[in-house]
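J.: Contents are mmCIF, C-alpha atoms; file name target.cif:
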data_coords
loop_
_atom_site.label_atom_id
_atom_site.label_comp_id
_atom_site.auth_asym_id
_atom_site.auth_seq_id
_atom_site.Cartn_x
_atom_site.Cartn_y
_atom_site.Cartn_z
CA MET A 1 -146.57 56.63 193.73
CA LYS A 2 -143.33 57.64 192.01
CA TRP A 3 -143.95 59.77 188.93
CA VAL A 4 -141.39 60.32 186.17
CA GLN A 5 -140.92 62.09 182.85
CA PHE A 6 -139.02 60.18 180.18
CA VAL A 7 -138.31 59.70 176.50
CA LYS A 8 -138.16 56.34 174.77
CA ARG A 9 -134.66 55.43 173.65
CA GLY A 10 -134.47 55.47 169.87
CA ASP A 11 -137.18 58.12 169.52
CA ALA A 12 -135.48 60.65 167.24
CA GLU A 13 -138.08 63.30 168.11
CA GLU A 14 -137.55 62.75 171.86
CA ASN A 15 -141.23 63.03 172.71
CA VAL A 16 -141.63 63.38 176.46
CA TRP A 17 -143.91 61.01 178.32
CA LEU A 18 -145.38 61.14 181.78
CA GLY A 19 -144.98 57.82 183.56
CA ALA A 20 -144.78 56.03 186.87
CA PHE A 21 -142.34 53.56 188.38
CA THR A 22 -143.84 50.12 188.94
CA ASP A 23 -143.12 47.96 191.96
CA ASP A 24 -140.83 45.72 189.89
CA GLY A 25 -138.61 48.61 188.78
CA ARG A 26 -140.09 49.24 185.35
CA VAL A 27 -141.76 52.35 183.94
CA ARG A 28 -145.43 52.51 183.03
CA PRO A 29 -146.06 55.10 180.30
CA ILE A 30 -149.06 57.21 181.25
CA ALA A 31 -149.48 59.82 178.54
CA GLU A 32 -147.38 61.32 175.78
CA GLY A 33 -147.20 65.11 175.83
CA THR A 34 -148.74 65.38 179.31
CA SER A 35 -146.37 67.10 181.71
CA MET A 36 -145.84 66.56 185.41
CA LYS A 37 -147.14 70.06 186.02
CA HIS A 38 -150.43 69.09 184.33
CA LEU A 39 -150.69 66.07 186.62
CA ILE A 40 -150.00 68.19 189.71
CA ALA A 41 -152.75 70.60 188.66
CA ARG A 42 -155.18 67.66 188.34
CA CYS A 43 -154.18 66.34 191.74
CA ALA A 44 -154.78 69.77 193.30
CA GLU A 45 -158.47 69.08 192.69
CA SER A 46 -158.32 65.49 193.95
CA PRO A 47 -155.22 63.86 195.53
CA ASP A 48 -156.21 60.31 194.48
CA TYR A 49 -153.02 59.53 192.52
CA ALA A 50 -154.15 56.07 191.41
CA LEU A 51 -157.37 57.53 190.00
CA HIS A 52 -155.41 60.03 187.91
CA LEU A 53 -153.07 57.30 186.71
CA GLU A 54 -155.97 55.24 185.40
CA ALA A 55 -157.68 58.30 183.88
CA LEU A 56 -154.57 59.37 181.99
CA ALA A 57 -153.11 55.98 181.11
CA GLU A 58 -153.14 55.26 177.40
CA ARG A 59 -152.05 51.61 177.67
CA GLU A 60 -151.17 48.88 180.14
CA GLU A 61 -147.61 48.26 178.89
CA THR A 62 -144.55 48.71 181.05
CA LEU A 63 -141.01 49.38 179.88
CA PRO A 64 -137.67 48.26 181.32
CA LEU A 65 -135.41 51.08 182.46
CA ASP A 66 -132.90 50.39 179.70
CA GLU A 67 -135.54 51.32 177.10
CA VAL A 68 -136.19 54.79 178.52
CA ARG A 69 -134.11 57.86 179.31
CA LEU A 70 -135.34 59.61 182.40
CA LYS A 71 -135.76 63.35 182.16
CA ALA A 72 -136.10 65.79 185.04
CA PRO A 73 -139.45 64.89 186.61
CA LEU A 74 -140.48 68.55 186.52
CA HIS A 75 -139.02 70.88 183.90
CA ASN A 76 -141.17 74.02 184.11
CA PRO A 77 -141.90 75.15 187.69
CA ASP A 78 -143.04 78.73 188.10
CA LYS A 79 -140.62 79.10 191.01
CA MET A 80 -137.65 77.26 192.50
CA ILE A 81 -136.76 78.57 195.95
CA PHE A 82 -133.60 77.20 197.57
CA ILE A 83 -132.86 77.33 201.28
CA GLY A 84 -129.26 78.06 202.24
CA LEU A 85 -127.46 77.00 205.42
CA ASN A 86 -130.36 74.86 206.65
CA TYR A 87 -128.16 72.29 208.43
CA ARG A 88 -126.31 73.60 211.46
CA ASP A 89 -123.09 71.68 210.73
CA HIS A 90 -123.11 72.83 207.08
CA ALA A 91 -123.27 76.43 208.27
CA ALA A 92 -120.25 75.68 210.48
CA GLU A 93 -118.19 74.17 207.64
CA SER A 94 -119.09 77.21 205.51
CA ASN A 95 -117.82 79.55 208.25
CA MET A 96 -121.22 81.26 208.33
CA ALA A 97 -123.56 82.01 211.21
CA VAL A 98 -126.53 79.75 211.82
CA PRO A 99 -129.42 81.74 210.33
CA LYS A 100 -132.26 83.06 212.50
CA VAL A 101 -134.60 83.10 209.47
CA PRO A 102 -134.30 81.02 206.29
CA VAL A 103 -131.70 82.14 203.77
CA LEU A 104 -133.31 82.17 200.31
CA PHE A 105 -132.05 82.24 196.75
CA PRO A 106 -133.65 81.36 193.40
CA LYS A 107 -132.85 79.07 190.56
CA TYR A 108 -134.75 78.96 187.28
CA ALA A 109 -135.81 76.44 184.66
CA ASN A 110 -132.55 76.97 182.73
CA SER A 111 -130.75 75.21 185.59
CA ILE A 112 -132.85 72.03 185.47
CA VAL A 113 -131.43 68.86 183.94
CA GLY A 114 -132.36 65.25 184.45
CA PRO A 115 -130.69 62.21 185.99
CA GLU A 116 -128.86 61.22 182.80
CA ASP A 117 -127.80 64.70 181.69
CA ASP A 118 -124.40 66.35 181.94
CA VAL A 119 -123.74 69.34 184.16
CA VAL A 120 -121.70 71.91 182.24
CA ILE A 121 -119.14 73.85 184.28
CA PRO A 122 -118.68 77.30 182.67
CA ALA A 123 -115.18 78.20 181.55
CA GLU A 124 -114.89 81.00 184.11
CA VAL A 125 -115.83 78.76 187.04
CA GLU A 126 -112.93 77.14 188.91
CA GLN A 127 -114.66 76.26 192.19
CA CYS A 128 -117.65 74.09 191.28
CA ASP A 129 -119.30 72.29 194.20
CA TYR A 130 -122.07 69.74 194.86
CA GLU A 131 -124.95 69.81 197.36
CA VAL A 132 -127.46 66.96 197.78
CA GLU A 133 -130.89 68.23 198.86
CA LEU A 134 -134.40 67.00 199.55
CA ALA A 135 -136.79 69.12 197.47
CA VAL A 136 -140.49 69.67 198.14
CA VAL A 137 -142.95 69.97 195.26
CA ILE A 138 -146.01 72.09 196.02
CA GLY A 139 -149.36 70.56 195.12
CA ARG A 140 -151.90 73.33 195.78
CA THR A 141 -151.93 77.11 195.75
CA ALA A 142 -150.60 78.20 199.13
CA LYS A 143 -151.06 81.69 200.56
CA ASN A 144 -150.82 82.53 204.27
CA VAL A 145 -150.75 78.86 205.21
CA ALA A 146 -150.43 77.94 208.88
CA ALA A 147 -147.54 75.60 209.72
CA GLU A 148 -149.95 72.99 211.10
CA ASP A 149 -151.73 72.86 207.71
CA ALA A 150 -148.66 73.14 205.50
CA MET A 151 -148.21 69.45 204.65
CA ASP A 152 -151.65 69.45 203.00
CA TYR A 153 -150.12 71.65 200.30
CA VAL A 154 -147.28 69.26 199.45
CA PHE A 155 -147.59 67.09 196.33
CA GLY A 156 -144.39 65.15 196.81
CA TYR A 157 -140.61 65.10 197.00
CA THR A 158 -137.62 64.77 194.70
CA VAL A 159 -133.82 64.93 194.81
CA ILE A 160 -131.92 68.04 193.71
CA ASN A 161 -128.19 68.61 193.48
CA ASP A 162 -127.70 72.31 194.18
CA VAL A 163 -124.53 72.66 192.10
CA SER A 164 -122.75 75.89 193.03
CA ALA A 165 -119.93 78.03 191.65
CA ARG A 166 -118.33 79.09 194.92
CA ASP A 167 -115.92 81.54 193.27
CA LEU A 168 -118.93 83.48 191.94
CA GLN A 169 -121.36 82.85 194.79
CA LEU A 170 -119.08 84.06 197.58
CA THR A 171 -117.40 87.03 195.88
CA GLU A 172 -120.24 88.93 194.21
CA GLY A 173 -122.35 90.19 197.12
CA GLN A 174 -125.30 87.92 196.37
CA TRP A 175 -125.62 84.31 195.32
CA THR A 176 -127.77 84.23 192.19
CA ARG A 177 -125.13 84.24 189.43
CA GLY A 178 -123.12 81.54 191.19
CA LYS A 179 -126.18 79.37 191.77
CA ALA A 180 -128.61 79.81 188.85
CA ILE A 181 -126.17 78.68 186.16
CA ASP A 182 -127.38 76.61 183.20
CA THR A 183 -127.58 72.88 184.18
CA PHE A 184 -126.80 73.63 187.87
CA ALA A 185 -130.02 72.08 189.25
CA PRO A 186 -130.03 68.38 188.36
CA MET A 187 -133.36 66.88 189.51
CA GLY A 188 -134.77 63.38 189.74
CA PRO A 189 -135.06 60.53 189.24
CA CYS A 190 -138.75 60.84 190.17
CA ILE A 191 -141.24 62.70 192.30
CA ALA A 192 -142.39 60.49 195.16
CA THR A 193 -145.86 61.54 196.24
CA ARG A 194 -146.56 62.58 199.81
CA ASP A 195 -148.17 59.24 200.70
CA GLU A 196 -144.92 57.43 199.81
CA ILE A 197 -143.03 59.31 202.53
CA PRO A 198 -145.03 59.62 205.75
CA ASP A 199 -142.28 61.60 207.52
CA PRO A 200 -139.92 63.60 205.27
CA HIS A 201 -137.89 64.52 208.36
CA LYS A 202 -136.63 60.94 208.76
CA LEU A 203 -134.82 60.42 205.47
CA ARG A 204 -131.19 59.54 204.92
CA LEU A 205 -129.52 61.62 202.21
CA SER A 206 -126.02 61.25 200.80
CA LEU A 207 -123.79 62.16 197.90
CA ALA A 208 -120.95 60.17 196.39
CA LEU A 209 -118.26 61.70 194.17
CA ASN A 210 -116.66 59.18 191.80
CA GLY A 211 -117.89 56.42 194.12
CA LYS A 212 -116.61 57.98 197.37
CA THR A 213 -119.20 59.10 199.91
CA MET A 214 -118.77 62.81 200.66
CA GLN A 215 -122.10 63.69 202.31
CA ASP A 216 -124.11 61.37 204.57
CA SER A 217 -126.76 62.77 206.89
CA ASP A 218 -130.45 62.79 207.78
CA THR A 219 -133.24 65.29 207.14
CA GLY A 220 -133.98 65.21 210.85
CA PHE A 221 -131.15 67.73 211.21
CA LEU A 222 -132.93 70.46 209.23
CA ILE A 223 -132.95 73.78 211.09
CA PHE A 224 -136.19 74.96 209.45
CA ASP A 225 -138.49 72.02 208.74
CA ILE A 226 -140.85 71.67 205.81
CA PRO A 227 -144.06 72.95 207.49
CA TYR A 228 -142.18 76.00 208.71
CA LEU A 229 -140.70 76.70 205.26
CA VAL A 230 -144.04 76.36 203.44
CA SER A 231 -145.75 78.60 205.98
CA PHE A 232 -142.91 81.15 206.08
CA LEU A 233 -142.73 81.49 202.31
CA SER A 234 -146.49 81.57 201.80
CA ARG A 235 -146.84 84.64 204.01
CA THR A 236 -145.34 86.83 201.27
CA ILE A 237 -145.00 84.60 198.18
CA THR A 238 -147.97 82.74 196.75
CA LEU A 239 -146.81 79.19 196.11
CA SER A 240 -148.30 77.55 193.03
CA PRO A 241 -148.77 73.89 192.06
CA GLY A 242 -145.44 72.64 190.75
CA ASP A 243 -143.30 75.15 192.65
CA VAL A 244 -140.18 73.67 194.22
CA ILE A 245 -138.64 74.35 197.63
CA SER A 246 -135.18 72.81 197.97
CA THR A 247 -134.53 72.40 201.67
CA GLY A 248 -130.75 72.77 201.95
CA THR A 249 -127.71 70.54 202.12
CA PRO A 250 -125.93 68.73 204.98
CA PRO A 251 -122.17 68.92 205.65
CA GLY A 252 -119.56 67.37 203.43
CA VAL A 253 -119.61 69.80 200.49
CA GLY A 254 -116.39 70.25 198.56
CA MET A 255 -115.50 73.64 199.98
CA GLY A 256 -115.57 72.20 203.51
CA PHE A 257 -112.52 70.02 202.94
CA GLU A 258 -108.89 71.04 203.36
CA PRO A 259 -107.84 71.37 200.64
CA PRO A 260 -111.24 71.95 198.98
CA VAL A 261 -112.56 69.32 196.58
CA TRP A 262 -113.82 71.06 193.43
CA LEU A 263 -115.72 69.29 190.67
CA LYS A 264 -113.78 68.81 187.47
CA ASP A 265 -114.28 67.52 183.94
CA GLY A 266 -115.31 63.85 183.94
CA ASP A 267 -116.41 63.70 187.59
CA VAL A 268 -119.63 61.86 188.46
CA THR A 269 -121.89 62.54 191.45
CA GLU A 270 -124.63 60.29 192.80
CA ALA A 271 -127.07 62.21 195.00
CA TYR A 272 -129.38 59.97 197.01
CA VAL A 273 -132.43 60.52 199.20
CA GLU A 274 -134.07 57.56 200.91
CA HIS A 275 -137.38 56.37 199.39
CA ILE A 276 -136.88 58.60 196.33
CA GLY A 277 -133.78 57.33 194.58
CA THR A 278 -130.41 58.27 193.15
CA LEU A 279 -129.65 61.20 190.86
CA ARG A 280 -126.50 60.54 188.82
CA ASN A 281 -124.77 63.22 186.74
CA ARG A 282 -121.47 63.69 184.94
CA TYR A 283 -119.62 67.01 184.79
CA VAL A 284 -118.21 68.54 181.62
CA LYS A 285 -115.92 71.57 181.67
CA GLU A 286 -116.74 74.20 179.08
CA ASN A 287 -113.80 75.19 176.87
CA ARG A 288 -112.57 78.75 177.08
#
Reformat the file's structure so that it appears as structure tokens.

T.:
Amino acid sequence: MKWVQFVKRGDAEENVWLGAFTDDGRVRPIAEGTSMKHLIARCAESPDYALHLEALAEREETLPLDEVRLKAPLHNPDKMIFIGLNYRDHAAESNMAVPKVPVLFPKYANSIVGPEDDVVIPAEVEQCDYEVELAVVIGRTAKNVAAEDAMDYVFGYTVINDVSARDLQLTEGQWTRGKAIDTFAPMGPCIATRDEIPDPHKLRLSLALNGKTMQDSDTGFLIFDIPYLVSFLSRTITLSPGDVISTGTPPGVGMGFEPPVWLKDGDVTEAYVEHIGTLRNRYVKENR
């Protein structure tokens, strides 16, 4: 099942609904005021997604996509943990060593925007970059989880664009201020539940900038796979339902080109992960 959060176009109060994509490309409203995090908590007790859909559904109607505005499918995770340099060829284009253990950095809820929202480039940022990533959404509390059991703790998957200010990230000694900027974690268009994607390590992912493909790879090239990451993190960090692990980006980021390709006002990126969908965002430069 592919779960979404959305508002109905024309709703002046912008009330957020939980919904699900239907097989014919429409959206079925499930419940107004019920968040994705609430659904994930319910599913932690029983992973029967269809059962929860029927229990929560307030009506049988479906809506065409042009009558809804998709929001980020998850807006309030307790934690968002990003994995850096998790594709060998991306580490090479970044002129950085292939890591022996996962490289971690955080983002926070202030960075989350949805698939129809603008990404705002701060006035002081001149080197804004894109990074398409497969993100894992945790479904159950995970502490000291063995790698062979780790997939049982996954609720589903979504697409994240790990937008990065390279001129801040790479000059300040640590990455947080250049990564955790407002609007710098576009997410969506949906969360595809674990049963929709039997093998998350066989997914094509790509990113197009203004219609030109810049990144095109496969999650089979991950250095640290999803079971390893869930297990590794859970040894010291308790993972909670709704937490997000973003698994890293493949090569083709803007800073890897000569000359570099930096995002500018009016640019549009389309970040795609197979079986999940496309996350489209426009970039707006903040005035000084």

J.: Residues within 6 Å of Ile160 of chain A, please, as a PDB file with C-alpha atoms, keeping the file's coordinate frame. Count only C-alpha atoms; anything in the same chain fewer than 3 positions from it doesn't count.

T.:
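Result saved to around07.pdb:
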ATOM      1  CA  GLU A 133    -130.890  68.230 198.860  1.00  0.00           C
ATOM      2  CA  PRO A 186    -130.030  68.380 188.360  1.00  0.00           C
ATOM      3  CA  MET A 187    -133.360  66.880 189.510  1.00  0.00           C
TER       4      MET A 187
END

J.: Excluding Arg140 of chain A and its own-chain neighbours fewer than 5 positions away, which residues fall within 12 Å of it when counting all atoms listed in the file? Please give them as a ChimeraX atom specification.

T.: /A:37,39-47,145,149-156,230,234,238-244

J.: Which segment 99-161 of chain A residues have any atom within 12 Å of an atom of segment 4-21 of chain A, and for each, what is the nearest pair of atoms with distance in Å to one decimal, counting only C-alpha atoms, rows sorted by chain and number, as a tab-separated table?

T.:
residue	atom	partner	partner_atom	distance
A:Val113	CA	A:Gln5	CA	11.7
A:Gly114	CA	A:Gln5	CA	9.3
A:Pro115	CA	A:Phe6	CA	10.4
A:Glu116	CA	A:Phe6	CA	10.5
A:Tyr157	CA	A:Val4	CA	11.9
A:Thr158	CA	A:Val4	CA	10.3

J.: Show me, as a list in words, the residues that have an atom within 10 Å of Glu124 of chain A when counting all atoms listed in the file, minus same-chain residues fewer than 5 positions from it.

T.: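 Once the nearby chain positions are removed, what remains is Ala165, Asp167, Leu168, Lys285, Glu286, Asn287 and Arg288 of chain A.
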
J.: Here's the selection I'm unsure about, the PyMOL selection byres ((chain A and resi 189) around 6); applied to the file above, which residues does it give, as a CSV table (one decimal) with C-alpha atoms, in the frame of the given file?

T.:
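Resulting contents of expr.csv:
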chain,number,residue,atom,x,y,z
A,115,PRO,CA,-130.7,62.2,186.0
A,188,GLY,CA,-134.8,63.4,189.7
A,190,CYS,CA,-138.8,60.8,190.2
A,279,LEU,CA,-129.6,61.2,190.9

J.: Written as a list in words, what is the full residue list that the PyMOL selection byres ((chain A and resi 267-271) around 6) yields on the file shown?

T.: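 Going through the file, the PyMOL selection byres ((chain A and resi 267-271) around 6) ends up selecting Val132, Ser206, Leu207, Ala208, Leu209, Asn210, Lys264, Asp265, Gly266, Tyr272, Thr278, Leu279, Arg280, Asn281, Arg282 and Tyr283 of chain A.
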
J.: Can I get the selected residues back with C-alpha atoms, as a tab-separated table (two decimals), in the coordinates of the input?

T.:
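Listing of selection27.tsv after writing:
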chain	number	residue	atom	x	y	z
A	132	VAL	CA	-127.46	66.96	197.78
A	206	SER	CA	-126.02	61.25	200.80
A	207	LEU	CA	-123.79	62.16	197.90
A	208	ALA	CA	-120.95	60.17	196.39
A	209	LEU	CA	-118.26	61.70	194.17
A	210	ASN	CA	-116.66	59.18	191.80
A	264	LYS	CA	-113.78	68.81	187.47
A	265	ASP	CA	-114.28	67.52	183.94
A	266	GLY	CA	-115.31	63.85	183.94
A	272	TYR	CA	-129.38	59.97	197.01
A	278	THR	CA	-130.41	58.27	193.15
A	279	LEU	CA	-129.65	61.20	190.86
A	280	ARG	CA	-126.50	60.54	188.82
A	281	ASN	CA	-124.77	63.22	186.74
A	282	ARG	CA	-121.47	63.69	184.94
A	283	TYR	CA	-119.62	67.01	184.79

J.: One number please: atom CA of Asp66 of chain A to atom CA of Gly25 of chain A, in Å, one decimal.

T.: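 One can read the atom CA of Asp66 of chain A to atom CA of Gly25 of chain A distance as 10.9 Å.
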
J.: Which residues of segment 224-277 of chain A come within 6 Å of segment 192-205 of chain A, and what is each one's closest atom pair and distance in Å (one decimal), counting all atoms listed in the file, sorted by chain and residue number, as a tab-separated table?

T.:
residue	atom	partner	partner_atom	distance
A:Tyr272	CA	A:Leu205	CA	5.5
A:Val273	CA	A:Leu205	CA	4.3
A:Glu274	CA	A:Arg204	CA	5.3
A:Ile276	CA	A:Ala192	CA	5.9
